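Report on the structure given below.
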Amino acid sequence: LSSFVNNHFPIPNNRSIKADDIVTTPGVYAALEQVSYAVADPGDGILIGRPMYNGFQKGFTFSRSRLVAIAGRHVDPFTKDAVERYRNVMESSNEDGTKIKAILLCNPHNPLGRCFSTEVLEEYVKFCCENGIHLICDEIYAMTHYEKKEGLGVKRDVSFVSVLSLPKVHKDQDKMVHSLYGMSKDFCCSGVRLGAVITRAEEIKKVIMTNSFLSWVSSGADIIWSCILADSGFVTKFFNDNQFRLTNAYQFLTEKLECHRINYYKEGRVSLNAGLFVWIDLSYALQTPVPEHATDGDRERYISDRLMKAPGGLKLSAGRTFKTEKLGWFRCA
């Protein structure tokens, strides 16, 4: 696994990941929980931007850390300007009694399908180190990215950069930066529960390794992933084929959306290039009559239920479950 990370993320030789820097877990949920045990106490806060993957809240069920969601307020979350929003929320949260212990980033982002640039990641690293809080990066979609074909009238967006590959920008960086990875997304193996915490922080590794005795990886999952990773030729071909198909699927979907004048998430003329989904704006459909006293969540569910029952059926995930700031957005996988 360390060889795979070094080669495919990729990691510079002077920052290479060793086998001892990896602690395996039965899935990324377990990895997230193990890290939260190590960096925070029950009731402490972990900052995360909106919209956010709706499963993150489950990752703190037992550690009882609190997710503190940050509204973008028209600030692009993938720019340095967003870091200032984190600072403001951190200070107000600390004053209110919820002590912030970490920032959680999803890179590539779920549900927005976009990557953080090297410059922005370095800004987050410096902010975390200067304020004594940890930076946790969920990188489970690291290899699920693709290139744009010509003719879409868009620029190519930022490619995936692992937080592990960054040069040292602060003396405490290795103590405060941690990556989460697993095989479920990139290798299309959601049922095989195998994840990893990748960190150079010795104290964090000690805590996680102690707790990992309570949640070992199954021998079957261990053997499956080991055999796959050992076949470098297969891995390269699999990723190339997967990225080619993702490119075609993204182009097909967005062309249909454009044809029907349905808005979807993109920054200006920059198209997206990561993940398995497109963030679609169906707010215009909220005008459809609904039962009296229906909540915002009911209105979104009414749209998704109608699409599911339509000929052919289309499964969308409602934006409310992703803590979106604006009603009517849906994730289409």
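By order of appearance in the structure tokens: chains A, B, ..., then residues from 1 within every chain, and ligands from 1 in the order shown.
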Please identify which residues in range 46-249 of chain A DSSP calls alpha helix (DSSP H) from the backbone, and express them as an NGL selection string.
-> :A and (81-96 or 118-130 or 173-176 or 202-211 or 219-230 or 232-249)
Near Met143 in chain A, within 12 Å and counting only C-alpha atoms, which residues show up once chain neighbours fewer than 4 positions away are dropped, as a PyMOL selection string?
-> chain A and resi 4-5+7-10+107-108+115+139+147+159-162+181-188+235-236+238-243+246+273-276
Extract, using only C-alpha atoms, all DNA, RNA and protein residues at most 7 Å from Ala196 in chain A, discarding same-chain residues fewer than 2 positions from it, and format them as number ranges by chain.
-> A: 22-25, 28, 31, 180-182, 198
Got time to write the residues from that selection, N, CA, C and O atoms, as a PDB file, in the first residue's frame?
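Saved result, result13.pdb, follows:
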ATOM      1  N   ILE A  22       1.288   3.799   7.909  1.00  0.00           N
ATOM      2  CA  ILE A  22      -0.065   3.383   7.541  1.00  0.00           C
ATOM      3  C   ILE A  22      -0.648   2.454   8.603  1.00  0.00           C
ATOM      4  O   ILE A  22      -0.005   1.491   9.022  1.00  0.00           O
ATOM      5  N   VAL A  23      -1.869   2.768   9.017  1.00  0.00           N
ATOM      6  CA  VAL A  23      -2.624   1.883   9.901  1.00  0.00           C
ATOM      7  C   VAL A  23      -3.915   1.532   9.175  1.00  0.00           C
ATOM      8  O   VAL A  23      -4.692   2.420   8.823  1.00  0.00           O
ATOM      9  N   THR A  24      -4.138   0.237   8.928  1.00  0.00           N
ATOM     10  CA  THR A  24      -5.331  -0.172   8.194  1.00  0.00           C
ATOM     11  C   THR A  24      -6.528  -0.317   9.131  1.00  0.00           C
ATOM     12  O   THR A  24      -6.385  -0.622  10.323  1.00  0.00           O
ATOM     13  N   THR A  25      -7.709  -0.093   8.559  1.00  0.00           N
ATOM     14  CA  THR A  25      -8.973  -0.150   9.302  1.00  0.00           C
ATOM     15  C   THR A  25     -10.030  -0.811   8.423  1.00  0.00           C
ATOM     16  O   THR A  25      -9.877  -0.868   7.201  1.00  0.00           O
ATOM     17  N   VAL A  28     -13.183   3.365   5.567  1.00  0.00           N
ATOM     18  CA  VAL A  28     -12.797   4.743   5.876  1.00  0.00           C
ATOM     19  C   VAL A  28     -13.642   5.321   7.010  1.00  0.00           C
ATOM     20  O   VAL A  28     -13.189   6.215   7.722  1.00  0.00           O
ATOM     21  N   ALA A  31     -11.615   4.506   9.840  1.00  0.00           N
ATOM     22  CA  ALA A  31     -10.411   5.345   9.843  1.00  0.00           C
ATOM     23  C   ALA A  31     -10.730   6.731  10.378  1.00  0.00           C
ATOM     24  O   ALA A  31      -9.975   7.299  11.177  1.00  0.00           O
ATOM     25  N   LEU A 180      -6.807   9.956   4.806  1.00  0.00           N
ATOM     26  CA  LEU A 180      -7.623   8.745   4.881  1.00  0.00           C
ATOM     27  C   LEU A 180      -7.807   8.198   3.470  1.00  0.00           C
ATOM     28  O   LEU A 180      -8.081   8.948   2.535  1.00  0.00           O
ATOM     29  N   TYR A 181      -7.665   6.891   3.327  1.00  0.00           N
ATOM     30  CA  TYR A 181      -7.832   6.280   2.011  1.00  0.00           C
ATOM     31  C   TYR A 181      -8.464   4.902   2.180  1.00  0.00           C
ATOM     32  O   TYR A 181      -8.452   4.324   3.278  1.00  0.00           O
ATOM     33  N   GLY A 182      -9.050   4.389   1.101  1.00  0.00           N
ATOM     34  CA  GLY A 182      -9.656   3.063   1.127  1.00  0.00           C
ATOM     35  C   GLY A 182      -9.862   2.553  -0.283  1.00  0.00           C
ATOM     36  O   GLY A 182      -9.715   3.292  -1.252  1.00  0.00           O
ATOM     37  N   ILE A 198      -3.227   7.321   6.955  1.00  0.00           N
ATOM     38  CA  ILE A 198      -1.840   7.508   6.529  1.00  0.00           C
ATOM     39  C   ILE A 198      -1.335   8.796   7.164  1.00  0.00           C
ATOM     40  O   ILE A 198      -1.850   9.885   6.887  1.00  0.00           O
TER      41      ILE A 198
END
Who sits within 12 Å of range 70-85 of chain A, only C-alpha atoms, same chain under 3 positions skipped, as JSON, numbers by chain = {"A": [45, 46, 47, 48, 49, 50, 51, 52, 67, 88, 89, 90, 91, 92, 93, 103, 104, 105, 106, 107, 108, 109, 112, 113, 114, 115, 116, 117, 118, 119, 120, 121, 122, 123, 124, 125, 126, 127, 128, 157, 158, 265, 266, 267, 268, 323, 324, 325, 326]}
Do a neighbour search on Ala221 in chain A at 6 Å with only C-alpha atoms, toss out local chain neighbours closer than 3 positions, and write the hits as a list in words.
-> Val192, Ser218 and Ile224 of chain A
Write a file of the selected residues as an mmCIF file, in the first residue's frame, keeping N, CA, C and O atoms.
data_model
loop_
_atom_site.group_PDB
_atom_site.id
_atom_site.type_symbol
_atom_site.label_atom_id
_atom_site.label_comp_id
_atom_site.auth_asym_id
_atom_site.auth_seq_id
_atom_site.Cartn_x
_atom_site.Cartn_y
_atom_site.Cartn_z
ATOM 1 N N VAL A 192 -16.098 -4.423 0.194
ATOM 2 C CA VAL A 192 -14.869 -4.925 0.830
ATOM 3 C C VAL A 192 -14.385 -3.854 1.797
ATOM 4 O O VAL A 192 -13.825 -2.847 1.391
ATOM 5 N N SER A 218 -10.440 -7.720 8.015
ATOM 6 C CA SER A 218 -10.612 -9.162 7.808
ATOM 7 C C SER A 218 -9.491 -9.707 6.920
ATOM 8 O O SER A 218 -8.949 -8.999 6.063
ATOM 9 N N ILE A 224 -7.388 -9.756 -0.683
ATOM 10 C CA ILE A 224 -7.910 -9.210 -1.948
ATOM 11 C C ILE A 224 -7.134 -7.967 -2.366
ATOM 12 O O ILE A 224 -6.658 -7.855 -3.506
#
Near Val39 in chain A, within 10 Å and counting only C-alpha atoms, which residues show up once chain neighbours fewer than 4 positions away are dropped, as number ranges by chain?
-> A: 34-35, 44, 46, 65, 101-102, 133-136, 176, 203-204, 207
Please dump the current selection as a compact mmCIF listing (two decimals), in the first residue's frame; keep all heavy atoms.
# COMPACT_ATOMS: atom_id res chain seq x y z
N GLN A 34 -11.23 6.52 14.11
CA GLN A 34 -9.98 6.33 14.83
C GLN A 34 -9.19 7.63 14.93
O GLN A 34 -8.60 7.95 15.97
CB GLN A 34 -9.14 5.25 14.13
CG GLN A 34 -9.72 3.85 14.19
CD GLN A 34 -9.59 3.21 15.57
OE1 GLN A 34 -9.24 3.87 16.54
NE2 GLN A 34 -9.88 1.93 15.66
N VAL A 35 -9.17 8.41 13.84
CA VAL A 35 -8.46 9.69 13.88
C VAL A 35 -9.13 10.64 14.85
O VAL A 35 -8.47 11.36 15.60
CB VAL A 35 -8.39 10.31 12.46
CG1 VAL A 35 -7.86 11.73 12.53
CG2 VAL A 35 -7.49 9.48 11.56
N ASP A 44 -15.64 17.99 21.41
CA ASP A 44 -14.79 18.90 20.65
C ASP A 44 -15.31 19.00 19.21
O ASP A 44 -16.01 18.10 18.71
CB ASP A 44 -13.34 18.40 20.62
CG ASP A 44 -12.64 18.61 21.94
OD1 ASP A 44 -13.11 19.45 22.73
OD2 ASP A 44 -11.61 17.95 22.19
N ILE A 46 -15.00 19.65 14.95
CA ILE A 46 -14.22 19.44 13.73
C ILE A 46 -14.88 20.26 12.63
O ILE A 46 -16.06 20.06 12.31
CB ILE A 46 -14.14 17.95 13.35
CG1 ILE A 46 -13.39 17.19 14.45
CG2 ILE A 46 -13.46 17.77 12.00
CD1 ILE A 46 -13.29 15.70 14.22
N SER A 65 -17.23 13.37 18.67
CA SER A 65 -16.79 14.68 18.22
C SER A 65 -17.95 15.34 17.47
O SER A 65 -18.83 14.66 16.93
CB SER A 65 -15.58 14.56 17.29
OG SER A 65 -14.50 13.96 17.96
N LYS A 101 -10.72 21.18 17.18
CA LYS A 101 -9.50 20.39 17.20
C LYS A 101 -8.98 20.00 15.82
O LYS A 101 -7.83 19.56 15.69
CB LYS A 101 -9.74 19.11 18.02
CG LYS A 101 -9.94 19.33 19.50
CD LYS A 101 -8.68 19.85 20.17
CE LYS A 101 -8.82 19.93 21.68
NZ LYS A 101 -8.91 18.61 22.33
N ALA A 102 -9.82 20.16 14.78
CA ALA A 102 -9.38 19.73 13.45
C ALA A 102 -10.24 20.35 12.36
O ALA A 102 -11.34 20.84 12.62
CB ALA A 102 -9.42 18.20 13.35
N ILE A 133 -4.30 22.93 15.42
CA ILE A 133 -5.37 21.98 15.12
C ILE A 133 -4.92 21.08 13.97
O ILE A 133 -4.00 21.39 13.23
CB ILE A 133 -6.69 22.70 14.76
CG1 ILE A 133 -6.54 23.53 13.49
CG2 ILE A 133 -7.16 23.56 15.93
CD1 ILE A 133 -7.84 24.17 13.03
N HIS A 134 -5.57 19.93 13.85
CA HIS A 134 -5.17 18.92 12.87
C HIS A 134 -5.90 19.12 11.55
O HIS A 134 -7.01 19.66 11.51
CB HIS A 134 -5.47 17.52 13.41
CG HIS A 134 -4.66 17.17 14.63
ND1 HIS A 134 -3.50 16.44 14.56
CD2 HIS A 134 -4.84 17.48 15.94
CE1 HIS A 134 -3.01 16.29 15.78
NE2 HIS A 134 -3.80 16.91 16.63
N LEU A 135 -5.27 18.68 10.46
CA LEU A 135 -5.88 18.68 9.14
C LEU A 135 -6.08 17.23 8.72
O LEU A 135 -5.12 16.48 8.55
CB LEU A 135 -5.00 19.41 8.12
CG LEU A 135 -5.55 19.46 6.69
CD1 LEU A 135 -6.89 20.18 6.64
CD2 LEU A 135 -4.54 20.13 5.75
N ILE A 136 -7.34 16.84 8.57
CA ILE A 136 -7.70 15.48 8.17
C ILE A 136 -8.22 15.55 6.74
O ILE A 136 -9.18 16.28 6.46
CB ILE A 136 -8.78 14.88 9.09
CG1 ILE A 136 -8.34 14.96 10.55
CG2 ILE A 136 -9.09 13.45 8.68
CD1 ILE A 136 -9.47 14.68 11.54
N MET A 176 0.59 17.20 12.28
CA MET A 176 -0.78 17.71 12.25
C MET A 176 -1.58 17.32 11.01
O MET A 176 -2.76 17.65 10.92
CB MET A 176 -0.76 19.24 12.36
CG MET A 176 0.08 19.79 13.50
SD MET A 176 -0.45 19.18 15.12
CE MET A 176 -1.95 20.11 15.37
N GLU A 203 2.78 10.12 17.49
CA GLU A 203 1.84 10.02 18.61
C GLU A 203 0.46 9.59 18.14
O GLU A 203 -0.22 8.79 18.79
CB GLU A 203 1.75 11.35 19.37
CG GLU A 203 3.03 11.73 20.11
CD GLU A 203 3.43 10.67 21.13
OE1 GLU A 203 2.54 10.19 21.86
OE2 GLU A 203 4.63 10.33 21.18
N ILE A 204 0.03 10.13 17.01
CA ILE A 204 -1.28 9.75 16.45
C ILE A 204 -1.28 8.28 16.06
O ILE A 204 -2.25 7.55 16.31
CB ILE A 204 -1.62 10.64 15.25
CG1 ILE A 204 -1.69 12.12 15.65
CG2 ILE A 204 -2.93 10.19 14.60
CD1 ILE A 204 -2.73 12.43 16.69
N VAL A 207 -1.76 6.00 19.12
CA VAL A 207 -3.15 5.96 19.60
C VAL A 207 -4.00 5.08 18.68
O VAL A 207 -4.77 4.23 19.15
CB VAL A 207 -3.74 7.38 19.69
CG1 VAL A 207 -5.23 7.32 20.03
CG2 VAL A 207 -3.00 8.21 20.71
Pairwise distance, CA of Glu255 in chain A with CA of Ser283 in chain A, equals 19.3 Å
What's the 8 Å shell around Thr199 in chain A, counting only C-alpha atoms, without same-chain residues fewer than 5 positions away, as a PyMOL selection string?
-> chain A and resi 21-22+174+177-179+204-205
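Between CA of Leu32 in chain A and CA of Ser232 in chain A lies a distance of 27.7 Å.
Distances to Lys175 in chain A were evaluated for A:Leu286, A:Ala38, A:Ile262, A:Ala333 using only C-alpha atoms, and the minimum falls at A:Ala38.
Reported to one decimal place, the separation of CA of Arg87 in chain A from CA of Pro42 in chain A is 21.7 Å.
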Please report, as JSON, numbers by chain, each residue of range 104-313 of chain A to which DSSP assigns strand (DSSP E) when run on this structure's backbone.
-> {"A": [104, 105, 106, 134, 135, 136, 137, 138, 177, 178, 179, 180, 181, 182, 195, 196, 197, 198, 199, 278, 279, 280, 281]}
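Nearest to Trp279 in chain A of all the residues A:Phe330, A:Tyr29, A:Tyr250, A:Tyr53 is A:Phe330, counting only C-alpha atoms.
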